[in-house]
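The data block below is my_file-v8.cif; it holds mmCIF, C-alpha atoms.
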```
data_protein
loop_
_atom_site.label_atom_id
_atom_site.label_comp_id
_atom_site.auth_asym_id
_atom_site.auth_seq_id
_atom_site.Cartn_x
_atom_site.Cartn_y
_atom_site.Cartn_z
CA MET A 979 0.00 0.00 0.00
CA SER A 980 1.62 3.20 -1.07
CA LEU A 981 0.35 6.72 -0.79
CA HIS A 982 -0.15 6.83 -4.54
CA ASN A 983 -2.22 3.72 -4.78
CA PRO A 984 -5.34 4.94 -6.55
CA HIS A 985 -7.43 2.28 -4.80
CA ILE A 986 -6.70 3.71 -1.40
CA ASP A 987 -8.47 6.77 -0.34
CA TRP A 988 -6.56 8.28 2.56
CA GLN A 989 -9.34 10.67 3.26
CA THR A 990 -11.50 7.84 4.50
CA PHE A 991 -8.80 7.26 7.13
CA THR A 992 -8.26 10.85 8.20
CA ASP A 993 -11.98 11.67 8.30
CA GLY A 994 -12.45 9.44 11.33
CA LEU A 995 -9.54 11.03 13.12
CA TRP A 996 -10.76 14.59 12.86
CA LYS A 997 -13.45 15.75 10.43
CA GLU A 998 -15.90 12.99 11.34
CA ASN A 999 -14.49 12.11 14.75
CA PRO A 1000 -17.02 9.68 16.26
CA VAL A 1001 -16.98 11.39 19.67
CA PHE A 1002 -16.29 15.07 19.08
CA VAL A 1003 -18.26 15.44 15.85
CA MET A 1004 -20.78 12.61 15.62
CA LEU A 1005 -21.27 12.22 19.40
CA LEU A 1006 -21.55 8.43 19.11
CA GLY A 1007 -20.72 5.85 21.76
CA MET A 1008 -21.15 8.29 24.64
CA CYS A 1009 -21.65 5.54 27.22
CA PRO A 1010 -18.03 4.31 27.31
CA VAL A 1011 -16.77 7.82 26.61
CA LEU A 1012 -18.24 9.05 29.88
CA ALA A 1013 -17.98 5.89 31.93
CA VAL A 1014 -14.48 4.50 31.55
CA THR A 1015 -12.42 7.64 31.01
CA ASN A 1016 -11.67 8.12 34.72
CA SER A 1017 -8.05 7.22 34.04
CA ALA A 1018 -5.79 7.43 31.02
CA ILE A 1019 -4.99 3.72 30.97
CA ASN A 1020 -8.68 2.74 31.07
CA ALA A 1021 -9.41 5.17 28.25
CA LEU A 1022 -6.55 3.81 26.15
CA ALA A 1023 -7.55 0.18 26.73
CA MET A 1024 -11.19 0.87 25.91
CA GLY A 1025 -10.19 2.77 22.76
CA LEU A 1026 -7.92 -0.02 21.54
CA ALA A 1027 -10.50 -2.71 22.32
CA THR A 1028 -13.10 -0.79 20.34
CA THR A 1029 -10.64 -0.27 17.48
CA PHE A 1030 -9.99 -4.01 17.34
CA VAL A 1031 -13.71 -4.77 17.17
CA LEU A 1032 -14.18 -2.09 14.49
CA LEU A 1033 -11.37 -3.49 12.37
CA ALA A 1034 -12.34 -7.14 12.69
CA SER A 1035 -16.05 -6.58 12.15
CA GLY A 1036 -15.33 -4.17 9.29
CA LEU A 1037 -13.18 -6.82 7.62
CA LEU A 1038 -15.77 -9.56 7.91
CA VAL A 1039 -18.74 -7.39 6.96
CA SER A 1040 -16.88 -6.07 3.93
CA LEU A 1041 -15.80 -9.57 2.86
CA LEU A 1042 -19.34 -10.90 3.14
CA ARG A 1043 -21.07 -7.79 1.81
CA HIS A 1044 -22.32 -9.51 -1.37
CA GLN A 1045 -23.44 -12.63 0.48
CA ILE A 1046 -25.52 -11.02 3.22
CA PRO A 1047 -29.16 -10.58 2.17
CA LYS A 1048 -30.57 -7.17 3.04
CA GLN A 1049 -33.30 -8.63 5.21
CA VAL A 1050 -30.97 -10.26 7.71
CA ARG A 1051 -28.10 -7.79 7.55
CA ILE A 1052 -28.60 -6.17 10.98
CA ALA A 1053 -28.84 -9.55 12.69
CA THR A 1054 -25.70 -10.66 10.89
CA TYR A 1055 -23.75 -7.52 11.76
CA ILE A 1056 -24.70 -7.76 15.42
CA LEU A 1057 -23.65 -11.40 15.46
CA ILE A 1058 -20.29 -10.52 13.90
CA ILE A 1059 -19.73 -7.62 16.29
CA ALA A 1060 -20.73 -9.70 19.33
CA THR A 1061 -18.27 -12.40 18.29
CA PHE A 1062 -15.32 -10.03 18.27
CA VAL A 1063 -16.42 -8.35 21.50
CA THR A 1064 -16.42 -11.75 23.20
CA ILE A 1065 -12.94 -12.38 21.80
CA VAL A 1066 -11.70 -9.01 23.12
CA ASP A 1067 -13.27 -9.85 26.47
CA TYR A 1068 -11.17 -13.02 26.78
CA LEU A 1069 -8.04 -11.32 25.44
CA ILE A 1070 -8.20 -8.53 28.03
CA GLN A 1071 -8.71 -11.06 30.82
CA ALA A 1072 -5.61 -12.83 29.57
CA ILE A 1073 -3.59 -9.60 29.36
CA SER A 1074 -4.51 -8.10 32.73
CA LEU A 1075 -7.21 -8.99 35.24
CA GLU A 1076 -6.76 -5.64 36.93
CA LEU A 1077 -7.56 -3.81 33.71
CA TYR A 1078 -10.49 -6.17 33.09
CA ASN A 1079 -11.96 -5.38 36.52
CA ALA A 1080 -11.43 -1.64 35.98
CA LEU A 1081 -13.31 -1.66 32.67
CA GLY A 1082 -16.07 -3.81 34.14
CA ALA A 1083 -19.20 -4.29 32.09
CA PHE A 1084 -18.13 -1.77 29.48
CA ILE A 1085 -16.13 -4.34 27.53
CA GLN A 1086 -19.25 -6.40 26.89
CA LEU A 1087 -21.17 -3.21 26.14
CA ILE A 1088 -18.97 -2.55 23.10
CA VAL A 1089 -21.53 -4.78 21.34
CA VAL A 1090 -24.08 -2.00 21.52
CA ASN A 1091 -21.74 0.85 20.68
CA CYS A 1092 -23.73 2.45 17.88
CA MET A 1093 -20.54 3.68 16.22
CA ILE A 1094 -19.56 0.09 15.35
CA LEU A 1095 -22.91 -0.96 13.95
CA GLY A 1096 -23.01 2.40 12.18
CA ARG A 1097 -19.67 1.71 10.48
CA ALA A 1098 -20.78 -1.78 9.42
CA GLU A 1099 -24.06 -0.52 8.03
CA ALA A 1100 -22.96 2.77 6.50
CA TYR A 1101 -19.48 1.93 5.30
CA ALA A 1102 -18.15 -1.63 5.42
CA SER A 1103 -21.25 -3.12 3.77
CA LYS A 1104 -20.75 -0.83 0.76
CA HIS A 1105 -16.99 -0.65 0.28
CA ARG A 1106 -14.03 -2.83 -0.62
CA VAL A 1107 -12.05 -4.54 2.13
CA ALA A 1108 -9.03 -2.21 2.06
CA LYS A 1109 -11.18 0.90 2.18
CA SER A 1110 -13.35 -0.50 4.95
CA LEU A 1111 -10.29 -1.38 7.03
CA LEU A 1112 -8.81 2.10 6.58
CA ASN A 1113 -12.10 3.67 7.54
CA ALA A 1114 -12.42 1.43 10.60
CA LEU A 1115 -8.85 2.19 11.64
CA GLY A 1116 -9.41 5.93 11.29
CA MET A 1117 -12.63 5.79 13.28
CA GLY A 1118 -11.08 3.56 15.92
CA LEU A 1119 -8.06 5.77 16.37
CA GLY A 1120 -10.30 8.85 16.40
CA PHE A 1121 -12.36 7.22 19.15
CA THR A 1122 -9.21 6.29 21.09
CA PHE A 1123 -7.90 9.84 20.72
CA ALA A 1124 -11.15 11.27 22.08
CA LEU A 1125 -11.20 8.85 25.01
CA LEU A 1126 -7.60 9.72 25.82
CA CYS A 1127 -8.42 13.45 25.71
CA LEU A 1128 -10.97 12.86 28.44
CA GLY A 1129 -9.00 10.26 30.37
CA VAL A 1130 -5.83 12.34 30.62
CA VAL A 1131 -7.61 15.45 31.92
CA ARG A 1132 -9.76 13.50 34.37
CA GLU A 1133 -6.87 11.49 35.78
CA VAL A 1134 -4.56 14.49 36.16
CA LEU A 1135 -7.20 16.61 37.92
CA GLY A 1136 -9.04 13.85 39.74
CA ALA A 1137 -6.17 11.70 40.93
CA GLY A 1138 -3.10 13.88 40.44
CA SER A 1139 -1.44 11.24 38.28
CA LEU A 1140 -1.01 10.26 34.64
CA PHE A 1141 -0.97 6.59 33.56
CA GLY A 1142 -0.63 5.81 37.28
CA VAL A 1143 2.48 7.96 37.74
CA ASP A 1144 2.08 10.49 40.55
CA LEU A 1145 2.53 14.03 39.22
CA PHE A 1146 2.14 16.50 42.05
CA GLY A 1147 3.33 14.79 45.24
CA SER A 1148 1.45 14.49 48.50
CA GLN A 1149 0.39 18.14 48.81
CA PHE A 1150 -2.03 17.84 45.91
CA GLU A 1151 -5.66 17.49 46.96
CA PRO A 1152 -7.34 15.47 44.18
CA TRP A 1153 -10.36 17.01 42.54
CA VAL A 1154 -12.45 13.91 43.19
CA VAL A 1155 -15.47 15.06 41.19
CA MET A 1156 -13.36 14.65 38.04
CA VAL A 1157 -13.17 10.85 38.36
CA LEU A 1158 -16.88 10.67 39.19
CA PRO A 1159 -19.58 10.76 36.48
CA PRO A 1160 -20.12 14.57 36.64
CA GLY A 1161 -16.44 15.04 35.81
CA GLY A 1162 -16.99 13.08 32.60
CA PHE A 1163 -19.69 15.46 31.47
CA ILE A 1164 -17.72 18.56 32.48
CA VAL A 1165 -14.56 17.48 30.64
CA LEU A 1166 -16.49 16.31 27.56
CA GLY A 1167 -18.25 19.68 27.47
CA GLY A 1168 -14.91 21.46 27.72
CA TRP A 1169 -13.39 19.52 24.83
CA LEU A 1170 -16.49 19.96 22.65
CA LEU A 1171 -16.34 23.68 23.28
CA LEU A 1172 -12.68 23.85 22.34
CA PHE A 1173 -13.06 21.81 19.14
CA GLU A 1174 -16.17 23.63 18.04
CA TRP A 1175 -14.40 26.96 18.57
CA LEU A 1176 -11.45 25.77 16.47
CA ARG A 1177 -13.79 24.58 13.75
CA GLU A 1178 -15.74 27.84 13.65
CA ARG A 1179 -12.56 29.84 13.56
CA ARG A 1180 -11.35 27.83 10.60
CA ALA A 1181 -14.69 28.17 8.82
CA ALA A 1182 -14.60 31.94 9.36
CA ALA A 1183 -11.07 32.14 7.97
CA GLN A 1184 -12.21 30.10 4.96
CA LEU A 1185 -15.12 32.46 4.34
CA GLU A 1186 -12.87 35.47 4.58
CA LYS A 1187 -10.44 33.96 2.11
CA GLU A 1188 -13.23 33.29 -0.36
CA ALA A 1189 -14.61 36.78 0.07
CA ALA A 1190 -11.16 38.25 -0.59
CA ARG A 1191 -10.86 36.16 -3.72
CA ALA A 1192 -14.26 37.30 -4.95
CA ARG A 1193 -13.34 40.93 -4.62
CA MET B 1113 -29.85 2.31 3.85
CA SER B 1114 -33.46 2.82 4.46
CA GLN B 1115 -34.19 3.63 0.83
CA ALA B 1116 -37.35 1.78 -0.01
CA GLN B 1117 -36.53 -1.40 -1.88
CA PRO B 1118 -38.87 -2.28 -4.70
CA ASP B 1119 -41.13 -5.02 -3.41
CA SER B 1120 -40.18 -7.33 -6.22
CA LEU B 1121 -36.53 -7.22 -5.13
CA GLN B 1122 -37.30 -8.28 -1.57
CA HIS B 1123 -39.18 -11.32 -2.74
CA GLN B 1124 -36.18 -12.42 -4.75
CA THR B 1125 -34.20 -13.40 -1.66
CA PRO B 1126 -35.19 -16.97 -0.86
CA ALA B 1127 -35.69 -17.83 2.77
CA LEU B 1128 -33.06 -20.54 2.48
CA ARG B 1129 -30.38 -18.02 1.59
CA MET B 1130 -31.14 -15.95 4.67
CA LEU B 1131 -31.04 -19.04 6.84
CA VAL B 1132 -27.77 -20.19 5.32
CA THR B 1133 -26.17 -16.76 5.78
CA LEU B 1134 -27.22 -16.42 9.40
CA GLY B 1135 -26.38 -20.05 10.12
CA GLY B 1136 -23.00 -19.76 8.44
CA VAL B 1137 -22.06 -16.59 10.28
CA ALA B 1138 -23.25 -18.12 13.56
CA MET B 1139 -21.05 -21.18 12.97
CA LEU B 1140 -18.06 -19.02 12.15
CA SER B 1141 -18.79 -17.01 15.27
CA GLY B 1142 -19.00 -20.12 17.41
CA PHE B 1143 -15.76 -21.46 15.99
CA LEU B 1144 -13.86 -18.21 16.64
CA ILE B 1145 -15.17 -17.78 20.17
CA VAL B 1146 -14.43 -21.35 21.21
CA LEU B 1147 -10.96 -21.11 19.67
CA VAL B 1148 -10.09 -17.94 21.57
CA TYR B 1149 -11.67 -19.30 24.75
CA GLN B 1150 -9.54 -22.43 24.58
CA LEU B 1151 -6.38 -20.45 23.84
CA THR B 1152 -6.83 -17.90 26.62
CA LYS B 1153 -8.29 -20.19 29.30
CA PRO B 1154 -4.99 -21.36 30.82
CA ILE B 1155 -3.61 -17.81 30.80
CA ILE B 1156 -6.71 -16.39 32.47
CA GLU B 1157 -6.70 -19.12 35.13
CA GLU B 1158 -3.05 -18.45 35.81
CA ASN B 1159 -3.80 -14.71 36.13
CA GLN B 1160 -6.58 -15.41 38.62
CA ARG B 1161 -4.38 -17.74 40.63
CA LEU B 1162 -1.58 -15.16 40.73
CA ALA B 1163 -3.96 -12.39 41.78
CA ILE B 1164 -5.26 -14.42 44.73
CA GLU B 1165 -1.79 -15.65 45.62
CA GLN B 1166 -0.37 -12.12 45.67
CA MET B 1167 -3.17 -11.00 47.92
CA VAL B 1168 -2.78 -13.95 50.31
CA PHE B 1169 0.93 -13.27 50.73
CA LYS B 1170 0.25 -9.57 51.13
CA LEU B 1171 -2.22 -10.32 53.93
CA VAL B 1172 0.09 -12.82 55.63
CA PRO B 1173 3.52 -11.26 55.05
CA ALA B 1174 5.35 -13.95 57.02
CA ALA B 1175 4.01 -16.70 54.79
CA SER B 1176 5.51 -18.08 51.63
CA ILE B 1177 3.54 -21.27 51.03
CA ARG B 1178 -0.14 -21.48 50.30
CA ARG B 1179 -2.49 -24.41 50.51
CA ASP B 1180 -6.15 -24.47 49.54
CA ILE B 1181 -8.41 -26.15 52.07
CA GLU B 1182 -12.05 -26.98 51.42
CA LEU B 1183 -13.97 -26.69 54.69
CA ALA B 1184 -17.35 -27.38 53.15
CA PRO B 1185 -18.63 -27.67 49.60
CA GLY B 1186 -18.19 -24.22 48.07
CA LEU B 1187 -16.30 -22.86 51.08
CA SER B 1188 -12.56 -22.82 50.53
CA VAL B 1189 -9.91 -21.02 52.53
CA TYR B 1190 -6.23 -20.49 51.88
CA ALA B 1191 -3.90 -21.64 54.63
CA ALA B 1192 -0.62 -19.73 54.57
CA TYR B 1193 2.58 -21.23 56.03
CA ASP B 1194 6.05 -19.79 56.49
CA GLU B 1195 9.28 -21.40 55.28
CA GLN B 1196 9.42 -23.71 58.29
CA GLY B 1197 5.89 -24.92 57.68
CA ARG B 1198 4.32 -23.05 60.58
CA LEU B 1199 0.73 -21.98 60.01
CA LYS B 1200 0.75 -18.19 59.90
CA GLY B 1201 -2.75 -17.36 58.78
CA VAL B 1202 -5.92 -18.57 57.16
CA VAL B 1203 -7.25 -16.32 54.43
CA ALA B 1204 -10.95 -16.46 53.62
CA ARG B 1205 -13.30 -14.67 51.32
CA GLY B 1206 -16.27 -12.48 52.25
CA ALA B 1207 -18.76 -10.20 50.54
CA ALA B 1208 -21.41 -7.72 51.62
CA GLN B 1209 -23.47 -5.00 50.04
CA GLY B 1210 -21.66 -1.67 50.02
CA TYR B 1211 -22.81 1.71 48.78
CA ALA B 1212 -22.64 0.97 45.07
CA ASP B 1213 -22.33 -2.78 44.74
CA LEU B 1214 -21.12 -5.86 46.59
CA VAL B 1215 -17.76 -5.37 48.30
CA HIS B 1216 -15.73 -8.56 47.81
CA LEU B 1217 -12.80 -8.98 50.17
CA LEU B 1218 -10.24 -11.39 51.58
CA TYR B 1219 -9.37 -11.32 55.28
CA ASN B 1220 -6.70 -13.00 57.33
CA TYR B 1221 -7.60 -15.04 60.40
CA ALA B 1222 -4.50 -15.51 62.56
CA PRO B 1223 -4.87 -18.69 64.67
CA ASP B 1224 -2.07 -17.63 67.04
CA CYS B 1225 -4.05 -14.70 68.46
CA ASP B 1226 -7.51 -16.02 67.59
CA CYS B 1227 -8.12 -12.75 65.80
CA ILE B 1228 -8.57 -11.17 62.40
CA LYS B 1229 -5.50 -9.41 61.10
CA GLY B 1230 -5.92 -7.36 57.96
CA PHE B 1231 -8.15 -7.49 54.92
CA ASP B 1232 -7.88 -6.55 51.28
CA ILE B 1233 -10.44 -5.77 48.61
CA LEU B 1234 -10.90 -8.20 45.75
CA LYS B 1235 -13.49 -6.14 43.94
CA MET B 1236 -15.61 -3.12 44.76
CA ALA B 1237 -17.28 -0.19 43.05
CA GLU B 1238 -17.37 2.25 45.96
CA THR B 1239 -17.17 6.00 45.41
CA PRO B 1240 -13.60 7.05 44.68
CA GLY B 1241 -12.32 9.43 47.33
CA LEU B 1242 -14.94 8.35 49.89
CA GLY B 1243 -15.65 4.62 50.05
CA ASP B 1244 -12.24 3.61 48.83
CA LYS B 1245 -10.71 5.23 51.92
CA ILE B 1246 -11.18 1.84 53.61
CA LEU B 1247 -7.94 0.82 51.91
CA THR B 1248 -5.92 3.92 52.83
CA ASP B 1249 -7.30 5.37 56.07
CA LYS B 1250 -4.68 4.52 58.72
CA ALA B 1251 -7.07 4.77 61.67
CA PHE B 1252 -9.50 2.41 59.96
CA LEU B 1253 -6.81 -0.10 59.05
CA ALA B 1254 -5.64 -0.05 62.68
CA ASN B 1255 -8.93 -1.83 63.54
CA PHE B 1256 -7.47 -4.85 61.85
CA ASP B 1257 -4.23 -5.03 63.81
CA TYR B 1258 -6.17 -7.16 66.27
CA LEU B 1259 -9.86 -7.85 65.77
CA ASP B 1260 -11.23 -10.31 68.30
CA ALA B 1261 -12.66 -13.42 66.62
CA ARG B 1262 -12.91 -15.93 69.47
CA LEU B 1263 -15.65 -18.54 69.28
CA ASP B 1264 -18.17 -19.02 72.07
CA GLY B 1265 -17.97 -21.94 74.51
CA GLU B 1266 -19.75 -24.36 72.19
CA GLY B 1267 -17.70 -23.36 69.19
CA LYS B 1268 -20.84 -22.78 67.12
CA GLN B 1269 -20.48 -19.05 66.53
CA LEU B 1270 -18.35 -16.04 67.38
CA ALA B 1271 -18.35 -15.15 71.08
CA ASN B 1272 -18.92 -11.55 70.02
CA PRO B 1273 -20.17 -10.76 66.54
CA ILE B 1274 -17.88 -8.43 64.63
CA VAL B 1275 -19.68 -5.14 64.10
CA THR B 1276 -18.87 -1.77 62.64
CA VAL B 1277 -19.71 1.08 64.99
CA LYS B 1278 -19.96 4.79 64.32
CA HIS B 1279 -16.73 6.73 64.12
CA GLY B 1280 -15.29 7.30 67.59
CA LYS B 1281 -17.61 4.81 69.34
CA LYS B 1282 -15.32 1.77 69.34
CA GLN B 1283 -14.95 0.28 72.81
CA GLU B 1284 -14.38 -3.42 72.33
CA GLN B 1285 -11.80 -5.43 70.46
CA TRP B 1286 -14.44 -6.96 68.20
CA GLN B 1287 -15.77 -3.61 67.05
CA ILE B 1288 -14.65 -1.78 63.95
CA ASP B 1289 -14.45 2.00 64.13
CA ALA B 1290 -16.08 3.32 60.92
CA ILE B 1291 -14.62 6.07 58.79
CA SER B 1292 -16.79 9.15 59.02
CA GLY B 1293 -17.97 9.89 55.48
CA ALA B 1294 -17.61 6.25 54.47
CA THR B 1295 -19.88 4.62 57.03
CA VAL B 1296 -21.75 2.45 54.54
CA THR B 1297 -18.57 0.99 53.07
CA SER B 1298 -17.06 0.54 56.55
CA ARG B 1299 -20.19 -1.38 57.57
CA ALA B 1300 -19.92 -3.55 54.47
CA VAL B 1301 -16.39 -4.54 55.48
CA GLY B 1302 -17.59 -5.46 59.00
CA LYS B 1303 -20.58 -7.39 57.71
CA ALA B 1304 -18.59 -9.24 55.08
CA ILE B 1305 -16.04 -10.37 57.66
CA ASN B 1306 -18.65 -11.22 60.29
CA ASP B 1307 -20.88 -13.21 57.92
CA SER B 1308 -17.96 -15.15 56.58
CA ALA B 1309 -16.27 -15.72 59.96
CA GLN B 1310 -19.51 -16.89 61.62
CA ARG B 1311 -19.73 -19.65 59.04
CA MET B 1312 -16.05 -20.36 58.44
CA LEU B 1313 -14.51 -20.36 61.94
CA PRO B 1314 -16.75 -23.03 63.51
CA LEU B 1315 -15.77 -25.31 60.62
CA LEU B 1316 -12.10 -24.32 60.78
CA GLN B 1317 -11.46 -24.62 64.54
CA PRO B 1318 -11.91 -28.41 64.86
CA ARG B 1319 -9.58 -28.94 61.89
CA LEU B 1320 -6.95 -26.42 62.96
CA ASP B 1321 -4.57 -29.02 64.43
CA GLU B 1322 -4.82 -31.12 61.29
CA ILE B 1323 -4.17 -28.04 59.13
CA ARG B 1324 -1.19 -27.08 61.30
CA GLN B 1325 0.34 -30.52 60.81
CA ILE B 1326 0.68 -30.15 57.07
CA GLN B 1327 4.34 -29.82 56.25
CA PRO B 1328 5.45 -27.74 53.30
CA GLY B 1329 6.80 -30.83 51.56
CA GLN B 1330 3.53 -32.60 52.05
CA LYS B 1331 1.88 -31.66 48.76
CA PRO B 1332 1.32 -27.98 49.29
CA SER B 1333 -0.86 -26.98 46.41
CA GLU B 1334 1.21 -23.99 45.35
CA GLN B 1335 4.80 -23.31 46.16
CA GLN B 1336 6.41 -19.94 45.75
CA PRO B 1337 9.55 -20.15 43.58
#
```

Output the structure of this file as structure tokens.
Amino acid sequence: MSLHNPHIDWQTFTDGLWKENPVFVMLLGMCPVLAVTNSAINALAMGLATTFVLLASGLLVSLLRHQIPKQVRIATYILIIATFVTIVDYLIQAISLELYNALGAFIQLIVVNCMILGRAEAYASKHRVAKSLLNALGMGLGFTFALLCLGVVREVLGAGSLFGVDLFGSQFEPWVVMVLPPGGFIVLGGWLLLFEWLRERRAAAQLEKEAARAR
Amino acid sequence: MSQAQPDSLQHQTPALRMLVTLGGVAMLSGFLIVLVYQLTKPIIEENQRLAIEQMVFKLVPAASIRRDIELAPGLSVYAAYDEQGRLKGVVARGAAQGYADLVHLLYNYAPDCDCIKGFDILKMAETPGLGDKILTDKAFLANFDYLDARLDGEGKQLANPIVTVKHGKKQEQWQIDAISGATVTSRAVGKAINDSAQRMLPLLQPRLDEIRQIQPGQKPSEQQP
């Protein structure tokens, strides 16, 4: 796969990272976004687990896209997604029980993450394997990036550490609300505000440029 | 996706094809899941064993050999021995409802002092910063330096049930002084230990001499490298 391969559309990859970011733009999969981002490591693990499920289900859905009759497609997609979620469940237990306990029920709940079914239905079922994989990878990494944005802020403020490493010493009084559910909403709101502001600023600059050209 | 399909098109998919697709995907799914389950099972079991082992040796620092003992069907305890094969502690499991969910814990019963010495949390979902103080609050942990767990004359139950009392009200050796601000979680710890000890100790006491006799060489189930 080279950059010049005409069959590979890099935009489908980068869209998921930024322009169509599943969390900050499409606001999909909010349940894990708010629930497991109380520490950076949980956020990273959840993001990677979701990326794996996205990639594997995208691959299978895209491979079988001509075989799956329209009438049973949703049932088939859910079955495929549930399979890979179960696999991720076992893999995380094998990697670290501590991590598995920290993520709790949210591993199993990846099954109902609407972003994944959305990708299968809206993209993988209509595109070639390579394109579907790129799209899934972009979306997965975009999701992981968003989770990390929340996890890092919440862990630093709420526990005074980052990836478990103490940052401020014993004088720091943790801002406990940040690791509790309200902290999730507050930090998500903050990031949405920042990204929306950036986007508007860019749109305004674009408009100005066009206006200047028209003159 | 929801564009209306012409009716004629829908009728063209035979029922058999739908069944075959769903059946085929289900079989593939079953195959993959069973494969991964089989591959990860030994690793997961090893992880679980290590997690319990670490906690047992943390609770009984003097010990280095662990042996699982089944007191009754479904009721197992871990006997912990030191290098010389002396019984240092018996670690048992307990659980009680906390603020958010069940608090699962392990506690160490020390036969030498007939008391409970230390506990650790296996799993809990208590409020961070409040309930989870039970693991860090020094005054609370001091309750478990010596927590009276003697049995009554008949050996059927604890002479004095272990109870959690309000912060600052502890008067007896079998009472646990709660953390103010984490009373519910403190109570869960007391209840988990009491419920478990009331059932476990009467079964353990009569077998204590037999358990003491086990020498490290005499098929200890797990030996620390």

Run the PyMOL selection byres ((chain A) within 9 of (chain B)) against the file shown and list the residues it catches, as a CSV table (one decimal) with C-alpha atoms, in the frame of the given file.
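See selection_33.csv below for the written result:
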```
chain,number,residue,atom,x,y,z
A,1045,GLN,CA,-23.4,-12.6,0.5
A,1046,ILE,CA,-25.5,-11.0,3.2
A,1047,PRO,CA,-29.2,-10.6,2.2
A,1048,LYS,CA,-30.6,-7.2,3.0
A,1049,GLN,CA,-33.3,-8.6,5.2
A,1050,VAL,CA,-31.0,-10.3,7.7
A,1051,ARG,CA,-28.1,-7.8,7.6
A,1053,ALA,CA,-28.8,-9.6,12.7
A,1054,THR,CA,-25.7,-10.7,10.9
A,1057,LEU,CA,-23.6,-11.4,15.5
A,1058,ILE,CA,-20.3,-10.5,13.9
A,1060,ALA,CA,-20.7,-9.7,19.3
A,1061,THR,CA,-18.3,-12.4,18.3
A,1062,PHE,CA,-15.3,-10.0,18.3
A,1064,THR,CA,-16.4,-11.8,23.2
A,1065,ILE,CA,-12.9,-12.4,21.8
A,1068,TYR,CA,-11.2,-13.0,26.8
A,1069,LEU,CA,-8.0,-11.3,25.4
A,1071,GLN,CA,-8.7,-11.1,30.8
A,1072,ALA,CA,-5.6,-12.8,29.6
A,1073,ILE,CA,-3.6,-9.6,29.4
A,1074,SER,CA,-4.5,-8.1,32.7
A,1075,LEU,CA,-7.2,-9.0,35.2
A,1076,GLU,CA,-6.8,-5.6,36.9
A,1079,ASN,CA,-12.0,-5.4,36.5
A,1099,GLU,CA,-24.1,-0.5,8.0
A,1100,ALA,CA,-23.0,2.8,6.5
A,1152,PRO,CA,-7.3,15.5,44.2
A,1154,VAL,CA,-12.4,13.9,43.2
A,1155,VAL,CA,-15.5,15.1,41.2
A,1157,VAL,CA,-13.2,10.8,38.4
A,1158,LEU,CA,-16.9,10.7,39.2
```

Excluding B:Gly1265 and any residue of its chain fewer than 6 positions from it, enumerate the residues within 12 Å of it, using all atoms listed in the file, and give them as a list of chain:residue names.
-> B:Ala1271, B:Asn1272, B:Pro1314

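For the choices A:Leu1022, A:Leu1042, A:Cys1009, A:Ala1190, the atom-to-atom distance to A:Phe1123 is smallest for A:Leu1022 when using only C-alpha atoms.
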
If you count only C-alpha atoms, the residue of A:Lys997, A:Leu1006, A:Arg1043, A:Gly1082 closest to A:Ser1110 turns out to be A:Arg1043

When you draw a straight line from atom CA of B:Leu1247 to atom CA of B:Val1301, how long is it in Å?
->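 So the two atoms, atom CA of B:Leu1247 and atom CA of B:Val1301, lie 10.6 Å apart.
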
Output the residue selection produced by the PyMOL selection byres ((chain A and resi 1131-1143) around 8) on the file above, formatted as a PyMOL selection string.
-> chain A and resi 1015-1019+1127-1130+1144-1146+1150-1157+1161-1162+1165

Determine the nearest neighbour of A:Leu1038 from the options A:His1105, A:Lys1187, A:Arg1193, A:Arg1179, counting all atoms listed in the file.
->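 Looking only at the distances to A:Leu1038, the closest residue turns out to be A:His1105.
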
Will you model N, CA and C atoms for stretch 1120-1127 of chain A and pass it back as a PDB file, keeping the file's coordinate frame?
```pdb
ATOM      1  N   GLY A1120      -9.617   7.609  16.020  1.00  0.00           N
ATOM      2  CA  GLY A1120     -10.300   8.850  16.400  1.00  0.00           C
ATOM      3  C   GLY A1120     -11.020   8.684  17.725  1.00  0.00           C
ATOM      4  N   PHE A1121     -11.648   7.523  17.895  1.00  0.00           N
ATOM      5  CA  PHE A1121     -12.360   7.220  19.150  1.00  0.00           C
ATOM      6  C   PHE A1121     -11.365   7.120  20.306  1.00  0.00           C
ATOM      7  N   THR A1122     -10.247   6.426  20.058  1.00  0.00           N
ATOM      8  CA  THR A1122      -9.210   6.290  21.090  1.00  0.00           C
ATOM      9  C   THR A1122      -8.658   7.655  21.478  1.00  0.00           C
ATOM     10  N   PHE A1123      -8.411   8.485  20.461  1.00  0.00           N
ATOM     11  CA  PHE A1123      -7.900   9.840  20.720  1.00  0.00           C
ATOM     12  C   PHE A1123      -8.861  10.609  21.612  1.00  0.00           C
ATOM     13  N   ALA A1124     -10.158  10.530  21.295  1.00  0.00           N
ATOM     14  CA  ALA A1124     -11.150  11.270  22.080  1.00  0.00           C
ATOM     15  C   ALA A1124     -11.195  10.750  23.510  1.00  0.00           C
ATOM     16  N   LEU A1125     -11.166   9.423  23.669  1.00  0.00           N
ATOM     17  CA  LEU A1125     -11.200   8.850  25.010  1.00  0.00           C
ATOM     18  C   LEU A1125      -9.969   9.284  25.810  1.00  0.00           C
ATOM     19  N   LEU A1126      -8.824   9.308  25.130  1.00  0.00           N
ATOM     20  CA  LEU A1126      -7.600   9.720  25.820  1.00  0.00           C
ATOM     21  C   LEU A1126      -7.680  11.195  26.241  1.00  0.00           C
ATOM     22  N   CYS A1127      -8.252  12.031  25.360  1.00  0.00           N
ATOM     23  CA  CYS A1127      -8.420  13.450  25.710  1.00  0.00           C
ATOM     24  C   CYS A1127      -9.146  13.573  27.047  1.00  0.00           C
TER      25      CYS A1127
END
```
